[in-house]
file run.tsv (TSV, C-alpha atoms)
chain	number	residue	atom	x	y	z
B	1	MET	CA	6.43	9.06	16.93
B	2	GLU	CA	4.60	5.83	16.15
B	3	SER	CA	5.86	2.73	14.38
B	4	LEU	CA	6.02	2.85	10.60
B	5	LYS	CA	3.62	-0.10	10.75
B	6	GLU	CA	0.95	2.36	11.89
B	7	LEU	CA	1.74	4.68	8.97
B	8	TYR	CA	1.85	2.20	6.07
B	9	LYS	CA	-1.26	-0.01	6.02
B	10	ILE	CA	-2.66	-2.44	3.47
B	11	GLY	CA	-6.42	-2.24	3.21
B	12	PRO	CA	-9.46	-1.68	0.99
B	13	GLY	CA	-9.95	1.68	-0.71
B	14	PRO	CA	-11.16	4.21	-1.42
B	15	SER	CA	-10.46	6.03	1.84
B	16	SER	CA	-8.27	5.15	4.80
B	17	SER	CA	-10.48	7.24	7.08
B	18	HIS	CA	-13.73	5.98	5.60
B	19	THR	CA	-13.01	2.35	4.70
B	20	ILE	CA	-9.82	1.08	6.37
B	21	ALA	CA	-10.67	2.62	9.76
B	22	PRO	CA	-14.28	1.29	9.93
B	23	TRP	CA	-13.10	-2.08	8.52
B	24	ARG	CA	-10.34	-2.32	11.08
B	25	ALA	CA	-12.63	-1.37	13.96
B	26	ALA	CA	-15.40	-3.71	12.77
B	27	LYS	CA	-13.09	-6.72	12.81
B	28	LEU	CA	-12.01	-5.91	16.37
B	29	PHE	CA	-15.63	-5.32	17.46
B	30	MET	CA	-16.78	-8.65	16.03
B	31	ALA	CA	-13.94	-10.40	17.85
B	32	GLU	CA	-15.04	-8.71	21.09
B	33	TYR	CA	-18.68	-9.80	20.62
B	34	PRO	CA	-18.52	-13.08	18.63
B	35	ASP	CA	-21.93	-14.24	19.89
B	36	ALA	CA	-23.77	-11.11	18.75
B	37	VAL	CA	-26.62	-11.76	16.34
B	38	SER	CA	-26.83	-8.32	14.74
B	39	PHE	CA	-25.09	-4.95	14.72
B	40	ASP	CA	-25.72	-1.25	14.19
B	41	ALA	CA	-23.25	1.25	12.73
B	42	GLU	CA	-23.90	4.95	13.24
B	43	LEU	CA	-21.70	7.25	11.13
B	44	TYR	CA	-20.91	10.82	12.14
B	45	GLY	CA	-19.04	13.84	10.78
B	46	SER	CA	-17.14	13.27	7.54
B	47	LEU	CA	-18.00	9.56	7.72
B	48	SER	CA	-21.66	10.55	7.44
B	49	LEU	CA	-21.29	13.38	4.91
B	50	THR	CA	-19.17	11.45	2.38
B	51	GLY	CA	-19.69	7.89	3.55
B	52	LYS	CA	-21.82	6.90	0.55
B	53	GLY	CA	-19.28	8.04	-2.00
B	54	HIS	CA	-16.44	6.57	0.05
B	55	PHE	CA	-18.28	3.21	0.28
B	56	THR	CA	-18.23	3.24	4.09
B	57	ASP	CA	-21.58	1.50	4.26
B	58	GLN	CA	-20.42	-1.15	1.80
B	59	ILE	CA	-17.24	-2.05	3.69
B	60	ILE	CA	-19.23	-2.27	6.94
B	61	HIS	CA	-21.78	-4.64	5.38
B	62	GLN	CA	-19.00	-6.76	3.85
B	63	THR	CA	-17.05	-6.97	7.11
B	64	PHE	CA	-19.99	-7.95	9.33
B	65	ALA	CA	-21.40	-10.45	6.79
B	66	PRO	CA	-23.07	-12.87	7.08
B	67	LYS	CA	-24.48	-11.28	10.22
B	68	MET	CA	-26.99	-8.47	9.82
B	69	VAL	CA	-25.90	-4.87	10.24
B	70	LYS	CA	-27.85	-1.64	9.85
B	71	VAL	CA	-25.93	1.50	8.84
B	72	TYR	CA	-27.19	4.95	9.82
B	73	PHE	CA	-25.88	8.32	8.59
B	74	ARG	CA	-26.15	10.78	11.48
B	75	LEU	CA	-25.57	14.52	11.64
B	76	ASN	CA	-25.31	15.41	15.33
B	77	TRP	CA	-22.01	14.28	16.82
B	78	GLU	CA	-21.24	15.05	20.46
B	79	HIS	CA	-17.50	14.37	20.30
B	80	ASN	CA	-14.71	16.73	19.26
B	81	HIS	CA	-13.54	14.61	16.32
B	82	GLU	CA	-14.23	15.30	12.64
B	83	SER	CA	-14.86	11.64	11.81
B	84	GLY	CA	-16.33	8.93	13.98
B	85	LEU	CA	-18.79	6.09	14.32
B	86	ILE	CA	-20.57	4.02	16.93
B	87	TYR	CA	-20.83	0.24	16.70
B	88	LYS	CA	-23.54	-1.56	18.66
B	89	ALA	CA	-23.94	-5.31	19.19
B	90	TYR	CA	-27.25	-7.09	19.94
B	91	ASP	CA	-28.16	-10.59	21.11
B	92	GLU	CA	-30.95	-12.83	19.80
B	93	ARG	CA	-33.54	-10.86	21.85
B	94	ASN	CA	-32.31	-7.60	20.29
B	95	THR	CA	-30.82	-6.54	23.62
B	96	LEU	CA	-27.81	-4.24	23.43
B	97	ILE	CA	-24.79	-6.19	24.70
B	98	GLY	CA	-21.93	-3.91	23.68
B	99	GLN	CA	-21.08	-0.52	22.22
B	100	TRP	CA	-17.90	1.16	20.97
B	101	THR	CA	-17.27	4.77	20.01
B	102	VAL	CA	-14.61	4.84	17.32
B	103	PHE	CA	-12.67	7.91	16.20
B	104	SER	CA	-11.18	7.82	12.69
B	105	LEU	CA	-7.92	9.74	13.01
B	106	GLY	CA	-6.68	9.65	9.41
B	107	GLY	CA	-4.61	7.15	7.49
B	108	GLY	CA	-6.71	4.27	8.81
B	109	SER	CA	-5.67	4.94	12.40
B	110	ILE	CA	-8.38	4.56	15.03
B	111	LYS	CA	-8.98	5.32	18.67
B	112	ILE	CA	-11.68	3.45	20.59
B	113	LEU	CA	-13.14	5.38	23.50
B	114	GLU	CA	-14.20	2.34	25.54
B	115	LYS	CA	-11.03	0.28	25.04
B	116	ASP	CA	-7.36	0.79	25.80
B	117	PHE	CA	-5.90	-0.39	22.50
B	118	ASP	CA	-2.52	1.28	22.23
B	119	PHE	CA	-2.40	1.56	18.45
B	120	GLN	CA	-0.72	4.94	18.69
B	121	LYS	CA	2.12	3.82	20.95
B	122	ARG	CA	5.04	6.21	20.65
B	123	ILE	CA	8.25	4.29	20.01
B	124	TYR	CA	10.43	6.99	18.44
B	125	PRO	CA	11.78	9.39	21.12
B	126	TYR	CA	11.79	12.39	18.79
B	127	ALA	CA	9.34	15.27	18.63
B	128	ASP	CA	10.21	16.60	15.17
B	129	PHE	CA	12.57	16.29	12.25
B	130	ASP	CA	15.16	18.63	13.78
B	131	ALA	CA	15.59	16.13	16.63
B	132	ILE	CA	15.83	13.24	14.17
B	133	ALA	CA	18.44	15.02	12.07
B	134	ALA	CA	20.44	15.91	15.19
B	135	GLU	CA	20.48	12.25	16.26
B	136	CYS	CA	21.61	11.15	12.80
B	137	ARG	CA	24.50	13.60	12.89
B	138	ILE	CA	25.57	12.59	16.39
B	139	GLN	CA	25.47	8.88	15.58
B	140	HIS	CA	26.69	9.27	11.97
B	141	TRP	CA	23.56	7.44	10.86
B	142	THR	CA	21.53	7.56	7.70
B	143	LEU	CA	17.76	7.79	8.14
B	144	PRO	CA	17.29	4.04	7.44
B	145	GLN	CA	19.93	3.25	10.08
B	146	LEU	CA	18.01	5.37	12.59
B	147	VAL	CA	14.76	3.57	11.73
B	148	LYS	CA	16.36	0.15	12.14
B	149	SER	CA	17.82	1.18	15.50
B	150	ILE	CA	14.25	1.73	16.74
B	151	GLU	CA	12.45	-0.94	14.69
B	152	PRO	CA	14.95	-3.75	14.00
B	153	ASP	CA	12.23	-5.98	12.51
B	154	ILE	CA	10.75	-3.38	10.15
B	155	GLU	CA	12.34	-4.59	6.89
B	156	GLY	CA	10.13	-7.66	6.55
B	157	TYR	CA	7.01	-5.58	7.08
B	158	LEU	CA	8.09	-2.97	4.55
B	159	GLU	CA	8.87	-5.65	1.98
B	160	THR	CA	5.23	-6.73	2.29
B	161	ILE	CA	4.21	-3.08	1.86
B	162	LEU	CA	6.41	-2.67	-1.22
B	163	ASP	CA	5.04	-5.84	-2.80
B	164	ALA	CA	1.48	-4.63	-2.17
B	165	MET	CA	2.27	-1.31	-3.86
B	166	LEU	CA	3.73	-3.05	-6.90
B	167	ARG	CA	0.77	-5.44	-7.04
B	168	ALA	CA	-1.86	-2.68	-6.85
B	169	VAL	CA	-0.27	-0.79	-9.74
B	170	LYS	CA	0.03	-3.95	-11.84
B	171	HIS	CA	-3.64	-4.75	-11.30
B	172	GLY	CA	-4.61	-1.18	-12.18
B	173	LEU	CA	-2.59	-1.25	-15.41
B	174	ASP	CA	-4.35	-4.43	-16.53
B	175	LYS	CA	-7.88	-3.07	-16.26
B	176	THR	CA	-10.22	-0.98	-18.38
B	177	GLY	CA	-13.82	0.10	-17.92
B	178	THR	CA	-15.58	2.62	-15.73
B	179	LEU	CA	-14.97	3.38	-12.07
B	180	PRO	CA	-17.76	2.66	-9.55
B	181	GLY	CA	-20.30	5.35	-8.74
B	182	ILE	CA	-22.43	7.85	-10.61
B	183	LEU	CA	-19.63	10.05	-12.01
B	184	ASP	CA	-19.07	7.84	-15.09
B	185	VAL	CA	-15.27	8.21	-15.01
B	186	ARG	CA	-13.31	5.89	-17.28
B	187	ARG	CA	-10.13	4.07	-16.25
B	188	VAL	CA	-7.18	5.50	-18.20
B	189	ALA	CA	-4.05	4.01	-16.59
B	190	LYS	CA	-3.66	1.33	-19.25
B	191	SER	CA	-3.96	3.93	-22.02
B	192	LEU	CA	-1.37	6.16	-20.34
B	193	LYS	CA	1.05	3.21	-20.10
B	194	LEU	CA	0.58	2.50	-23.80
B	195	GLN	CA	1.34	6.14	-24.55
B	196	ALA	CA	4.51	5.88	-22.46
B	197	GLU	CA	5.69	2.82	-24.38
B	198	ASN	CA	5.37	4.76	-27.64
B	199	GLN	CA	7.53	7.68	-26.50
B	200	ASP	CA	10.95	8.11	-28.09
B	201	ASP	CA	12.15	10.72	-25.61
B	202	PRO	CA	13.33	8.96	-22.39
B	203	THR	CA	12.24	11.84	-20.13
B	204	SER	CA	8.72	11.88	-21.55
B	205	LYS	CA	8.59	8.09	-21.29
B	206	HIS	CA	9.58	8.12	-17.63
B	207	ARG	CA	7.18	10.90	-16.66
B	208	LEU	CA	4.30	9.24	-18.48
B	209	ASN	CA	5.10	5.98	-16.71
B	210	VAL	CA	5.01	7.75	-13.35
B	211	LEU	CA	1.64	9.25	-14.27
B	212	ALA	CA	0.30	5.88	-15.42
B	213	TYR	CA	1.42	4.17	-12.21
B	214	ALA	CA	-0.26	6.81	-10.04
B	215	TYR	CA	-3.50	6.49	-12.01
B	216	ALA	CA	-3.34	2.69	-11.89
B	217	ASN	CA	-3.01	2.66	-8.11
B	218	ASN	CA	-5.75	5.18	-7.50
B	219	GLU	CA	-8.15	3.67	-9.99
B	220	GLU	CA	-7.74	0.48	-7.94
B	221	ASN	CA	-8.31	2.54	-4.80
B	222	ALA	CA	-11.44	4.17	-6.23
B	223	SER	CA	-12.75	0.68	-7.00
B	224	GLY	CA	-12.43	-0.40	-3.36
B	225	ASN	CA	-9.57	-2.81	-4.01
B	226	LEU	CA	-6.51	-3.43	-1.82
B	227	ILE	CA	-3.87	-0.70	-1.82
B	228	VAL	CA	-1.35	0.71	0.65
B	229	ALA	CA	-2.32	3.80	2.61
B	230	ALA	CA	0.80	5.95	2.32
B	231	PRO	CA	-0.10	7.86	4.36
B	232	THR	CA	-3.76	7.63	3.25
B	233	CYS	CA	-5.77	5.79	0.60
B	234	GLY	CA	-6.70	8.97	-1.25
B	235	ALA	CA	-3.00	9.85	-1.57
B	236	SER	CA	-1.71	6.29	-1.91
B	237	GLY	CA	-0.67	6.57	-5.55
B	238	VAL	CA	2.22	8.94	-4.96
B	239	MET	CA	4.58	6.57	-3.13
B	240	ALA	CA	3.28	3.55	-5.09
B	241	SER	CA	3.99	5.31	-8.38
B	242	LEU	CA	7.56	6.19	-7.47
B	243	MET	CA	8.29	2.73	-6.08
B	244	ASN	CA	7.13	1.20	-9.37
B	245	HIS	CA	9.13	3.72	-11.39
B	246	PHE	CA	12.38	3.10	-9.54
B	247	TYR	CA	11.88	-0.68	-9.51
B	248	TYR	CA	10.67	-1.39	-13.04
B	249	ASP	CA	11.95	1.58	-15.05
B	250	LEU	CA	15.24	2.35	-13.29
B	251	GLY	CA	16.19	-1.07	-11.93
B	252	TYR	CA	16.60	-0.25	-8.24
B	253	SER	CA	16.70	-3.21	-5.87
B	254	LYS	CA	13.90	-4.00	-3.45
B	255	GLN	CA	16.36	-3.57	-0.57
B	256	LYS	CA	17.10	0.00	-1.65
B	257	LEU	CA	13.40	0.75	-2.10
B	258	ILE	CA	12.63	-0.62	1.37
B	259	GLN	CA	15.17	1.85	2.73
B	260	ALA	CA	13.46	4.61	0.72
B	261	LEU	CA	10.14	3.63	2.34
B	262	MET	CA	11.83	4.11	5.73
B	263	VAL	CA	12.97	7.59	4.71
B	264	GLY	CA	9.55	8.56	3.41
B	265	GLY	CA	7.95	7.06	6.50
B	266	ILE	CA	10.00	9.25	8.82
B	267	PHE	CA	8.67	12.38	7.12
B	268	GLY	CA	5.11	11.03	7.11
B	269	ASN	CA	5.39	10.30	10.81
B	270	VAL	CA	6.65	13.81	11.55
B	271	VAL	CA	3.56	15.23	9.85
B	272	LYS	CA	1.25	12.78	11.61
B	273	THR	CA	2.79	13.63	15.00
B	274	ASN	CA	2.88	17.42	14.66
B	275	ALA	CA	-0.06	18.14	12.36
B	276	THR	CA	-2.48	15.75	10.62
B	277	ILE	CA	-2.72	13.43	7.63
B	278	SER	CA	-6.53	13.58	7.59
B	279	GLY	CA	-8.34	15.46	4.84
B	280	ALA	CA	-11.31	15.89	7.16
B	281	ILE	CA	-9.08	17.78	9.59
B	282	GLY	CA	-6.51	19.57	7.44
B	283	GLY	CA	-7.74	19.47	3.87
B	284	CYS	CA	-6.00	17.70	1.01
B	285	GLN	CA	-2.71	19.43	1.85
B	286	ALA	CA	-2.58	17.00	4.79
B	287	GLU	CA	-3.03	13.98	2.53
B	288	ILE	CA	-1.49	14.65	-0.87
B	289	GLY	CA	0.98	17.18	0.56
B	290	THR	CA	2.26	14.61	3.05
B	291	ALA	CA	2.40	11.88	0.40
B	292	CYS	CA	4.36	14.20	-1.88
B	293	SER	CA	6.81	15.03	0.94
B	294	MET	CA	7.27	11.34	1.68
B	295	ALA	CA	7.87	10.52	-1.98
B	296	ALA	CA	10.19	13.51	-2.50
B	297	ALA	CA	12.30	12.49	0.50
B	298	ALA	CA	12.38	8.88	-0.71
B	299	THR	CA	13.41	10.03	-4.18
B	300	ALA	CA	16.14	12.28	-2.78
B	301	TYR	CA	17.47	9.34	-0.81
B	302	LEU	CA	17.49	7.18	-3.94
B	303	TYR	CA	19.41	9.98	-5.68
B	304	ASP	CA	22.02	9.67	-2.90
B	305	LEU	CA	21.44	13.21	-1.66
B	306	ASN	CA	22.62	14.22	1.80
B	307	LEU	CA	20.40	14.61	4.86
B	308	LYS	CA	19.92	18.34	4.40
B	309	GLN	CA	18.93	17.92	0.75
B	310	ILE	CA	16.52	15.11	1.63
B	311	GLU	CA	14.84	17.43	4.13
B	312	TYR	CA	14.82	20.21	1.54
B	313	ALA	CA	13.05	17.97	-0.98
B	314	ALA	CA	10.36	17.07	1.56
B	315	GLU	CA	9.92	20.72	2.50
B	316	ILE	CA	9.55	21.86	-1.13
B	317	ALA	CA	6.93	19.18	-1.71
B	318	MET	CA	4.80	20.24	1.25
B	319	GLU	CA	5.26	23.98	0.85
B	320	HIS	CA	3.69	24.00	-2.58
B	321	HIS	CA	0.63	22.09	-1.43
B	322	LEU	CA	-0.19	24.51	1.39
B	323	GLY	CA	-3.85	25.52	1.44
B	324	LEU	CA	-5.02	22.67	-0.81
B	325	THR	CA	-8.64	21.84	-0.06
B	326	CYS	CA	-10.36	18.46	0.08
B	327	ASP	CA	-13.51	18.72	-2.05
B	328	PRO	CA	-14.30	15.27	-3.49
B	329	VAL	CA	-17.02	15.44	-6.11
B	330	GLY	CA	-19.99	13.40	-5.02
B	331	GLY	CA	-17.97	12.16	-2.08
B	332	TYR	CA	-16.04	9.81	-4.37
B	333	VAL	CA	-12.25	9.51	-4.20
B	334	ILE	CA	-12.06	10.14	-7.95
B	335	ILE	CA	-12.31	13.84	-8.83
B	336	PRO	CA	-9.96	15.60	-8.12
B	337	CYS	CA	-8.17	12.88	-6.12
B	338	ILE	CA	-6.80	10.61	-8.84
B	339	GLU	CA	-5.37	13.46	-10.91
B	340	ARG	CA	-3.81	14.95	-7.79
B	341	ASN	CA	-1.88	11.73	-7.20
B	342	GLY	CA	-0.39	11.95	-10.68
B	343	ALA	CA	0.50	15.60	-10.22
B	344	ALA	CA	2.03	14.97	-6.79
B	345	ALA	CA	4.12	12.02	-8.03
B	346	LEU	CA	5.64	14.23	-10.72
B	347	ARG	CA	6.07	17.05	-8.19
B	348	ALA	CA	7.94	14.68	-5.88
B	349	LEU	CA	10.47	14.03	-8.64
B	350	ASP	CA	10.73	17.76	-9.31
B	351	SER	CA	11.14	18.52	-5.59
B	352	ALA	CA	14.09	16.14	-5.33
B	353	PHE	CA	15.57	17.63	-8.51
B	354	MET	CA	15.23	21.14	-7.10
B	355	ALA	CA	16.68	20.13	-3.74
B	356	LYS	CA	19.69	18.58	-5.43
B	357	HIS	CA	20.55	21.68	-7.44
B	358	LEU	CA	19.28	24.49	-5.20
B	359	GLY	CA	20.69	22.78	-2.14
B	360	SER	CA	24.16	22.84	-3.66
B	361	VAL	CA	24.18	26.63	-4.08
B	362	LYS	CA	22.14	27.97	-1.15
B	363	GLU	CA	20.84	27.06	2.29
B	364	ASN	CA	17.11	26.68	2.59
B	365	LYS	CA	15.56	29.14	5.05
B	366	VAL	CA	12.41	27.08	5.67
B	367	SER	CA	12.85	23.81	7.58
B	368	PHE	CA	10.55	20.82	7.22
B	369	ASP	CA	9.29	21.35	10.78
B	370	MET	CA	8.38	24.93	9.92
B	371	VAL	CA	6.31	23.93	6.90
B	372	VAL	CA	4.57	21.17	8.90
B	373	ARG	CA	3.54	23.67	11.57
B	374	THR	CA	2.34	26.00	8.82
B	375	MET	CA	0.32	23.22	7.22
B	376	ASN	CA	-1.30	22.45	10.55
B	377	TYR	CA	-2.18	26.12	11.08
B	378	THR	CA	-3.47	26.46	7.52
B	379	GLY	CA	-5.63	23.35	7.86
B	380	LYS	CA	-7.41	24.84	10.85
B	381	LYS	CA	-8.27	27.90	8.72
B	382	ILE	CA	-9.82	25.85	5.90
B	383	VAL	CA	-13.59	26.01	6.21
B	384	LEU	CA	-15.57	22.84	6.93
B	385	GLU	CA	-17.07	22.79	3.43
B	386	LEU	CA	-13.59	22.26	1.99
B	387	ARG	CA	-12.45	19.50	4.37
B	388	GLU	CA	-13.76	16.21	2.96
B	389	THR	CA	-17.43	16.99	3.34
B	390	ALA	CA	-18.33	17.37	-0.38
B	391	LEU	CA	-20.19	20.54	0.61
B	392	GLY	CA	-18.07	23.05	-1.31
B	393	GLY	CA	-15.41	23.64	-3.94
B	394	LEU	CA	-15.35	21.34	-6.96
B	395	ALA	CA	-18.01	19.18	-5.32
B	396	MET	CA	-20.47	22.06	-5.68
B	397	GLU	CA	-19.23	23.24	-9.09
B	398	LEU	CA	-20.05	19.93	-10.73
B	399	GLY	CA	-23.43	19.89	-8.99
B	400	THR	CA	-23.31	16.27	-7.89
B	401	ASN	CA	-25.30	15.58	-4.76
B	402	LEU	CA	-24.74	12.63	-2.49
B	403	GLU	CA	-27.42	10.00	-2.64
B	404	ARG	CA	-28.80	9.16	0.78

call {"tool": "encode", "arguments": {"input": "run.tsv", "output": "structure tokens"}}
result
Amino acid sequence: MESLKELYKIGPGPSSSHTIAPWRAAKLFMAEYPDAVSFDAELYGSLSLTGKGHFTDQIIHQTFAPKMVKVYFRLNWEHNHESGLIYKAYDERNTLIGQWTVFSLGGGSIKILEKDFDFQKRIYPYADFDAIAAECRIQHWTLPQLVKSIEPDIEGYLETILDAMLRAVKHGLDKTGTLPGILDVRRVAKSLKLQAENQDDPTSKHRLNVLAYAYANNEENASGNLIVAAPTCGASGVMASLMNHFYYDLGYSKQKLIQALMVGGIFGNVVKTNATISGAIGGCQAEIGTACSMAAAATAYLYDLNLKQIEYAAEIAMEHHLGLTCDPVGGYVIIPCIERNGAAALRALDSAFMAKHLGSVKENKVSFDMVVRTMNYTGKKIVLELRETALGGLAMELGTNLER
């Protein structure tokens, strides 16, 4: 498995595949060809089909500025990747001086065909969660202890990640108005937080806070602002919501929350290694399902549950997202994405609650590795129209067409 630094990434929304990945690749491409006068960007697959709504063209223009760049939305893609782009660099005589083929792998991860960047370097010597759990039992380690044995410098990085999550939610709670795009969707996070503050029942107050935090993060994401892909931008509100809840509402320390990020990261990495976290490849089950598993595992750890119960929480969270499609209306990461983050944050809490009580009276028959393999299989059966193309599902029901 890869470093947790390749799982948790700070970057501009609204989509890790559609904004962070092109942004990341563009910065590297400009560094490779600093004397280029102009650039072309050709978008393919999901990057072409939903690139307008995901602001892919905007992030490319912003990144290459002040140099000129032309963005093209293409349909015919010769490579066996659902999302990709080609960057081209030109000199002052408009002669092509360099070209990269970039694959967007999900979660902001990229692979560049012409370069040997080892972004996906495997540093964890484990194939699945069963192997991780076995190592923890042999060494008498907790999951954070295992992470620190492989990545001894990870705590500083994750503190930066935690601070970025808290900051994104705070910014989202402070804002009102309408989200970008043609859907005319109003920001509601601030209103939800006000509702929470007026609740007398502590349970209702906490759950409304969790909902408000998820909306705040993903309204920031939908606006193209900085958030943490965890594991993706479209599903970033789940972990961010729970981190805010445990920090501000329940008084957990940053050190404990950093350890919870390690726990959640392990489960996210297992999914990324053995299936996918890309909505264009596996549907929204791969994004929001993984985020929910990560948050459920983190919550279970914060509840001081044992290793088996932590796994159980992550498994429950993923199992009940199986088959979930990715059908963004108009190509925007707004409907149904923002609401799904709120629902998944609450489900993460419920999954940890169920694991605590069910796990004390029975042994779970379905392992986390089993449900990950099932998610991967299910994702391959989801038709193209329902995998981040805005060609089917809710995208068609609301009758919103992408503007070319």

call {"tool": "closest_residue", "arguments": {"input": "run.tsv", "among": "B:Ser236, B:Thr56, B:Ser351, B:Thr101", "to": "Glu315 of chain B", "atoms": "only C-alpha atoms"}}
result
B:Ser351

call {"tool": "residues_around", "arguments": {"input": "run.tsv", "residues": "segment 135-152 of chain B", "least_positions_apart": "3", "cutoff": "12 Å", "atoms": "all atoms listed in the file", "output": "PyMOL selection string"}}
result
chain B and resi 1-5+122-132+155-158+255-267+269+297-298+300-302+304-308+310-311

call {"tool": "residues_around", "arguments": {"input": "run.tsv", "residues": "Leu43 of chain B", "least_positions_apart": "6", "cutoff": "8 Å", "atoms": "only C-alpha atoms", "output": "JSON, numbers by chain"}}
result
{"B": [51, 71, 72, 73, 74, 84, 85, 86]}

call {"tool": "write_last_selection", "arguments": {"input": "run.tsv", "atoms": "C-alpha atoms", "output": "short mmCIF file (atom, residue, chain, number, x, y, z; two decimals), keeping the file's coordinate frame"}}
result
data_model
loop_
_atom_site.label_atom_id
_atom_site.label_comp_id
_atom_site.auth_asym_id
_atom_site.auth_seq_id
_atom_site.Cartn_x
_atom_site.Cartn_y
_atom_site.Cartn_z
CA GLY B 51 -19.69 7.89 3.55
CA VAL B 71 -25.93 1.50 8.84
CA TYR B 72 -27.19 4.95 9.82
CA PHE B 73 -25.88 8.32 8.59
CA ARG B 74 -26.15 10.78 11.48
CA GLY B 84 -16.33 8.93 13.98
CA LEU B 85 -18.79 6.09 14.32
CA ILE B 86 -20.57 4.02 16.93
#

call {"tool": "closest_atom_pairs", "arguments": {"input": "run.tsv", "of": "segment 98-192 of chain B", "to": "segment 282-296 of chain B", "cutoff": "12 Å", "atoms": "only C-alpha atoms", "output": "CSV"}}
result
residue,atom,partner,partner_atom,distance
B:Leu105,CA,B:Gly282,CA,11.4
B:Gly106,CA,B:Glu287,CA,8.9
B:Gly107,CA,B:Glu287,CA,8.6

call {"tool": "atom_distance", "arguments": {"input": "run.tsv", "atom1": "atom CA of Trp100 of chain B", "atom2": "atom CA of Lys115 of chain B"}}
result
8.0 Å

call {"tool": "closest_residue", "arguments": {"input": "run.tsv", "among": "B:Ile154, B:Leu391, B:Val372, B:Ala314", "to": "Val271 of chain B", "atoms": "only C-alpha atoms"}}
result
B:Val372

call {"tool": "closest_residue", "arguments": {"input": "run.tsv", "among": "B:Asn94, B:Asn217, B:Gln309, B:Thr176", "to": "Ala133 of chain B", "atoms": "all atoms listed in the file"}}
result
B:Gln309

call {"tool": "residues_around", "arguments": {"input": "run.tsv", "residues": "Val185 of chain B", "least_positions_apart": "4", "cutoff": "10 Å", "atoms": "all atoms listed in the file", "output": "PyMOL selection string"}}
result
chain B and resi 177-181+219+334-335

call {"tool": "atom_distance", "arguments": {"input": "run.tsv", "atom1": "atom CA of Tyr33 of chain B", "atom2": "atom CA of Tyr90 of chain B"}}
result
9.0 Å

call {"tool": "residues_around", "arguments": {"input": "run.tsv", "residues": "Thr95 of chain B", "least_positions_apart": "5", "cutoff": "10 Å", "atoms": "all atoms listed in the file", "output": "list in words"}}
result
Ala36, Val37, Ser38, Ala89 and Tyr90 of chain B

call {"tool": "write_last_selection", "arguments": {"input": "run.tsv", "atoms": "C-alpha atoms", "output": "CSV table (one decimal), in the coordinates of the input"}}
result
chain,number,residue,atom,x,y,z
B,36,ALA,CA,-23.8,-11.1,18.8
B,37,VAL,CA,-26.6,-11.8,16.3
B,38,SER,CA,-26.8,-8.3,14.7
B,89,ALA,CA,-23.9,-5.3,19.2
B,90,TYR,CA,-27.2,-7.1,19.9

call {"tool": "residues_around", "arguments": {"input": "run.tsv", "residues": "Glu388 of chain B", "least_positions_apart": "6", "cutoff": "6 Å", "atoms": "all atoms listed in the file", "output": "PyMOL selection string"}}
result
chain B and resi 279-280+326-327

call {"tool": "atom_distance", "arguments": {"input": "run.tsv", "atom1": "atom CA of Val69 of chain B", "atom2": "atom CA of Ile227 of chain B"}}
result
25.5 Å

call {"tool": "residues_near_point", "arguments": {"input": "run.tsv", "point": "(-9.9, 6.8, 16.6)", "cutoff": "12 Å", "atoms": "all atoms listed in the file", "output": "number ranges by chain"}}
result
B: 17-18, 20-22, 24-25, 79-86, 100-120, 278

call {"tool": "closest_residue", "arguments": {"input": "run.tsv", "among": "B:Met318, B:Leu386, B:Ala168, B:Ile182", "to": "Asn225 of chain B", "atoms": "all atoms listed in the file"}}
result
B:Ala168
